[in-house]
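K.L.:
Structure in structure tokens, see below.
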Amino acid sequence: MTGRILVVDDDADMCRELARALGKRGFDVTTRESADEAYALVLDGDFDAVVTDLNLRGMSGVELCDRVVSNRPAIPVVVVTGFGSMETAVATLRAGAFDFITKPFNAEQLALTLERAIRHRRLEDEVRALRTRRAAADGFGSFVGSSPAMLQVFDLIDRVSPTDATVLVTGESGSGKELVARAIHERSRRSAGPLVAVNCAALPEALLESELFGHVKGAFTDARSARKGLFAEASGGTLLLDEIGELPLGMQAKLLRALEGRTVRPVGSDAEVPFDARLVASTNQDLASLVAEKRFREDLFHRIDVVHLELPPLRARGRDVLDLAQTFVARFAERHKKTVAGLSSEAAAKLLDYSWPGNVRELQNAMERAVALARFEQVAVDDLPPRIRSYQSTDVLVTSGDPRELVTLEEVERRYIERVMDAVSWNKTEATRILGIDRSTLYRKLERYKLAPRE
């Protein structure tokens, strides 16, 4: 995290030393020995942070800090002082300083403070821009997002919607698969017809055939009247088979026959009933792996996998997290009659760091909780759920040069496999391609490292 830094110190040697030390760490440093000249430069220039000595000739460092904060509030100021008293700290912080450092200090300490200050500034800029970005991001149905991954999803939805092609939507739980089905339906020629959704995992096998295909009167004990199934109800519209990977094998064969013949046979009937519904199927499972394990019919898989649309997990969508969070904050603030207008930069940083195993659904619940508990006009870190506040990122590679932070090669492999599996939504076929190993090796490593999909 580097940027443009203005260093202000009336000691020319100190200016040169700081410029050299910070320059070696990638910062673009400008120096001034006069507070008045520095302030004029701040008004005309575009700096990411200001470092000023406390004791300057003429205007003091505290006064300079106060002026910068008053007129260019987005620029964080770090004050350097040789007097480490509490009074000095209070004076600099009251003037709006981001932080203060007492002499003697080393360049590494100052560089780390500047990195924090620049990160804070950029998050503040991002939070301020959220409302503007929301207006552009809200244009695609119920979706919010402008990340490259989501733009590809939007493009595919636009291209497939006008057709009657069967669509298989895959993605982790909570990533928005039903929203995809709704967006496809609303943009299709069938938008005036019904969108009928059924969760294949929620119905017992004994009732599933009757729900999908219907039944005639007297077909079983409780069949006191005839009932048309969901395929018939969806005629003229779209049928969403959610969690299709949970279908029992026997039911899979009957579904395949219905899709190929475009007819269904109600339970207890000898007659075939035609239907005219477009099929969208969704699952959070790796159907190719289920086929290899003989738990899903290969012919049905190829029948429904005409257009495959894979939703990215929330952790792969970058700053869409903040766009979505802002949308949820506005929604729940209105619902709960709260005057919460957005996110603090610290809360935004926590949201960006978190891995979101529950995806958009988890973010929505977290924001409702945060709005309900918020005491101020912005959601603060303390308003977030404890798991998000205390989350520690598990990066695959450690960039620190501190030997105490380096990990074993085995740990790097474990983290990398976990990262790949999460990135491909536990699609083992795709994971073996990326990792360059065969399926049996992947299974052994998953067992060895006790890795499993996040709940």
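Residues are named by chain letter and number: chains run A, B, ... in the order of the structure tokens, numbers start at 1 in each chain, and ligands are numbered from 1 in the order shown.
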Go through range 252-342 of chain A and flag each residue having an atom no more than 10 Å from range 378-386 of chain A; for those, report the closest pair of atoms plus their distance in Å to one decimal, using only C-alpha atoms, ordered by chain and rising number, as a Markdown table.
P.N.:
```
| residue | atom | partner | partner_atom | distance |
| --- | --- | --- | --- | --- |
| A:Gln326 | CA | A:Val379 | CA | 9.9 |
| A:Val329 | CA | A:Val379 | CA | 8.3 |
| A:Thr339 | CA | A:Gln378 | CA | 8.6 |
| A:Val340 | CA | A:Gln378 | CA | 5.5 |
| A:Ala341 | CA | A:Gln378 | CA | 5.8 |
| A:Gly342 | CA | A:Gln378 | CA | 4.9 |
```
K.L.:
List every residue of range 145-328 of chain A that DSSP, applied to the backbone of this structure, assigns to strand (DSSP E or B), and report them as JSON, numbers by chain.
P.N.:
{"A": [167, 168, 169, 170, 195, 196, 197, 198, 199, 214, 215, 227, 228, 238, 239, 240, 241, 242, 263, 264, 267, 273, 274, 278, 279, 280, 281, 282, 283, 307, 308, 309, 310]}
K.L.:
Save out the residues we just selected, N, CA and C atoms, as an mmCIF file, in the first residue's frame.
P.N.:
```cif
data_model
loop_
_atom_site.group_PDB
_atom_site.id
_atom_site.type_symbol
_atom_site.label_atom_id
_atom_site.label_comp_id
_atom_site.auth_asym_id
_atom_site.auth_seq_id
_atom_site.Cartn_x
_atom_site.Cartn_y
_atom_site.Cartn_z
ATOM 1 N N VAL A 167 -31.164 -24.209 -18.660
ATOM 2 C CA VAL A 167 -30.023 -23.582 -18.004
ATOM 3 C C VAL A 167 -29.733 -24.309 -16.695
ATOM 4 N N LEU A 168 -28.471 -24.647 -16.482
ATOM 5 C CA LEU A 168 -28.021 -25.207 -15.210
ATOM 6 C C LEU A 168 -27.243 -24.130 -14.470
ATOM 7 N N VAL A 169 -27.743 -23.705 -13.320
ATOM 8 C CA VAL A 169 -27.107 -22.662 -12.510
ATOM 9 C C VAL A 169 -26.426 -23.346 -11.330
ATOM 10 N N THR A 170 -25.129 -23.149 -11.209
ATOM 11 C CA THR A 170 -24.384 -23.725 -10.093
ATOM 12 C C THR A 170 -23.757 -22.611 -9.268
ATOM 13 N N LEU A 195 -43.487 -18.237 -12.834
ATOM 14 C CA LEU A 195 -42.211 -18.815 -12.443
ATOM 15 C C LEU A 195 -42.500 -19.720 -11.256
ATOM 16 N N VAL A 196 -42.379 -21.026 -11.447
ATOM 17 C CA VAL A 196 -42.697 -22.013 -10.414
ATOM 18 C C VAL A 196 -41.392 -22.627 -9.923
ATOM 19 N N ALA A 197 -41.153 -22.563 -8.630
ATOM 20 C CA ALA A 197 -39.910 -23.080 -8.047
ATOM 21 C C ALA A 197 -40.220 -24.202 -7.077
ATOM 22 N N VAL A 198 -39.384 -25.237 -7.108
ATOM 23 C CA VAL A 198 -39.515 -26.345 -6.161
ATOM 24 C C VAL A 198 -38.117 -26.733 -5.681
ATOM 25 N N ASN A 199 -37.978 -26.925 -4.384
ATOM 26 C CA ASN A 199 -36.715 -27.370 -3.796
ATOM 27 C C ASN A 199 -36.735 -28.886 -3.727
ATOM 28 N N GLY A 214 -48.042 -34.424 -10.791
ATOM 29 C CA GLY A 214 -49.456 -34.446 -10.470
ATOM 30 C C GLY A 214 -49.954 -35.857 -10.202
ATOM 31 N N HIS A 215 -51.242 -35.986 -9.850
ATOM 32 C CA HIS A 215 -51.840 -37.309 -9.626
ATOM 33 C C HIS A 215 -53.328 -37.255 -9.957
ATOM 34 N N ARG A 227 -54.927 -33.645 -9.021
ATOM 35 C CA ARG A 227 -54.098 -32.448 -8.860
ATOM 36 C C ARG A 227 -53.048 -32.426 -9.965
ATOM 37 N N LYS A 228 -52.983 -31.297 -10.646
ATOM 38 C CA LYS A 228 -51.937 -31.184 -11.661
ATOM 39 C C LYS A 228 -50.621 -30.821 -10.992
ATOM 40 N N THR A 238 -41.752 -20.668 -16.550
ATOM 41 C CA THR A 238 -40.462 -21.283 -16.246
ATOM 42 C C THR A 238 -40.591 -22.136 -14.996
ATOM 43 N N LEU A 239 -39.970 -23.317 -15.018
ATOM 44 C CA LEU A 239 -39.923 -24.191 -13.848
ATOM 45 C C LEU A 239 -38.496 -24.231 -13.321
ATOM 46 N N LEU A 240 -38.320 -23.881 -12.059
ATOM 47 C CA LEU A 240 -37.010 -23.936 -11.423
ATOM 48 C C LEU A 240 -36.945 -25.166 -10.534
ATOM 49 N N LEU A 241 -36.046 -26.082 -10.853
ATOM 50 C CA LEU A 241 -35.775 -27.240 -10.005
ATOM 51 C C LEU A 241 -34.528 -26.937 -9.191
ATOM 52 N N ASP A 242 -34.749 -26.458 -7.972
ATOM 53 C CA ASP A 242 -33.641 -26.074 -7.095
ATOM 54 C C ASP A 242 -33.079 -27.316 -6.419
ATOM 55 N N THR A 263 -43.603 -34.365 -21.993
ATOM 56 C CA THR A 263 -44.874 -34.789 -21.398
ATOM 57 C C THR A 263 -44.598 -35.365 -20.015
ATOM 58 N N VAL A 264 -45.623 -35.357 -19.160
ATOM 59 C CA VAL A 264 -45.528 -35.977 -17.843
ATOM 60 C C VAL A 264 -46.692 -36.946 -17.684
ATOM 61 N N VAL A 267 -49.290 -39.419 -11.403
ATOM 62 C CA VAL A 267 -49.314 -40.658 -10.623
ATOM 63 C C VAL A 267 -50.713 -41.263 -10.700
ATOM 64 N N VAL A 273 -49.476 -36.251 -20.291
ATOM 65 C CA VAL A 273 -49.993 -34.878 -20.351
ATOM 66 C C VAL A 273 -48.869 -33.959 -20.819
ATOM 67 N N PRO A 274 -49.064 -33.247 -21.948
ATOM 68 C CA PRO A 274 -47.990 -32.360 -22.431
ATOM 69 C C PRO A 274 -47.840 -31.126 -21.536
ATOM 70 N N ARG A 278 -40.253 -23.860 -19.631
ATOM 71 C CA ARG A 278 -38.800 -23.845 -19.747
ATOM 72 C C ARG A 278 -38.199 -24.316 -18.432
ATOM 73 N N LEU A 279 -37.119 -25.078 -18.506
ATOM 74 C CA LEU A 279 -36.501 -25.610 -17.299
ATOM 75 C C LEU A 279 -35.230 -24.855 -16.956
ATOM 76 N N VAL A 280 -35.151 -24.421 -15.687
ATOM 77 C CA VAL A 280 -33.906 -23.927 -15.107
ATOM 78 C C VAL A 280 -33.630 -24.801 -13.889
ATOM 79 N N ALA A 281 -32.456 -25.420 -13.839
ATOM 80 C CA ALA A 281 -32.070 -26.260 -12.705
ATOM 81 C C ALA A 281 -30.926 -25.582 -11.962
ATOM 82 N N SER A 282 -30.858 -25.799 -10.659
ATOM 83 C CA SER A 282 -29.775 -25.199 -9.876
ATOM 84 C C SER A 282 -29.286 -26.191 -8.834
ATOM 85 N N THR A 283 -28.037 -26.046 -8.457
ATOM 86 C CA THR A 283 -27.449 -26.912 -7.438
ATOM 87 C C THR A 283 -26.193 -26.270 -6.871
ATOM 88 N N VAL A 307 -26.884 -24.914 -21.116
ATOM 89 C CA VAL A 307 -26.158 -23.677 -20.830
ATOM 90 C C VAL A 307 -25.804 -23.708 -19.356
ATOM 91 N N HIS A 308 -24.521 -23.683 -19.051
ATOM 92 C CA HIS A 308 -24.057 -23.763 -17.661
ATOM 93 C C HIS A 308 -23.668 -22.360 -17.192
ATOM 94 N N LEU A 309 -24.353 -21.884 -16.184
ATOM 95 C CA LEU A 309 -24.067 -20.561 -15.632
ATOM 96 C C LEU A 309 -23.589 -20.750 -14.197
ATOM 97 N N GLU A 310 -22.326 -20.426 -13.955
ATOM 98 C CA GLU A 310 -21.746 -20.609 -12.622
ATOM 99 C C GLU A 310 -21.649 -19.266 -11.902
#
```
K.L.:
Do a neighbour search on Met367 in chain A at 10 Å with only C-alpha atoms, toss out local chain neighbours closer than 3 positions, and write the hits as JSON, numbers by chain.
P.N.:
{"A": [324, 325, 326, 327, 328, 329, 330, 331, 332, 333, 343, 362, 363, 364, 370, 371, 372, 373, 379, 383, 384, 385]}
K.L.:
Please identify every residue of range 262-357 of chain A that has at least one atom no farther than 12 Å from an atom of range 244-255 of chain A, counting only C-alpha atoms, and for each give the shortest atom pair and the distance in Å to one decimal, arranged by chain then increasing number, as a tab-separated table.
P.N.:
```
residue	atom	partner	partner_atom	distance
A:Arg262	CA	A:Leu255	CA	10.1
A:Thr263	CA	A:Leu255	CA	9.9
A:Val264	CA	A:Leu255	CA	8.6
A:Arg265	CA	A:Lys254	CA	9.2
A:Pro266	CA	A:Lys254	CA	11.2
A:Val267	CA	A:Lys254	CA	11.5
A:Leu279	CA	A:Leu255	CA	11.2
A:Val280	CA	A:Ile244	CA	9.9
A:Ala281	CA	A:Ile244	CA	6.3
A:Ser282	CA	A:Ile244	CA	6.1
A:Thr283	CA	A:Ile244	CA	5.8
A:Asn284	CA	A:Gly245	CA	8.0
A:Gln285	CA	A:Gly245	CA	6.5
A:Asp286	CA	A:Gly245	CA	8.3
A:Leu287	CA	A:Gly245	CA	6.6
A:Ala288	CA	A:Gly245	CA	10.3
A:Ser289	CA	A:Gly245	CA	10.6
A:Leu290	CA	A:Gly245	CA	8.0
A:Val291	CA	A:Gly245	CA	10.0
A:Lys294	CA	A:Leu249	CA	9.2
A:Arg295	CA	A:Leu249	CA	7.0
A:Phe296	CA	A:Leu249	CA	6.6
A:Arg297	CA	A:Gln252	CA	7.0
A:Glu298	CA	A:Gln252	CA	10.1
A:Asp299	CA	A:Ala253	CA	9.1
A:Leu300	CA	A:Gln252	CA	7.0
A:Phe301	CA	A:Gly245	CA	9.6
A:Arg303	CA	A:Leu255	CA	10.2
A:Ile304	CA	A:Ile244	CA	9.9
A:Asp305	CA	A:Ile244	CA	11.7
```
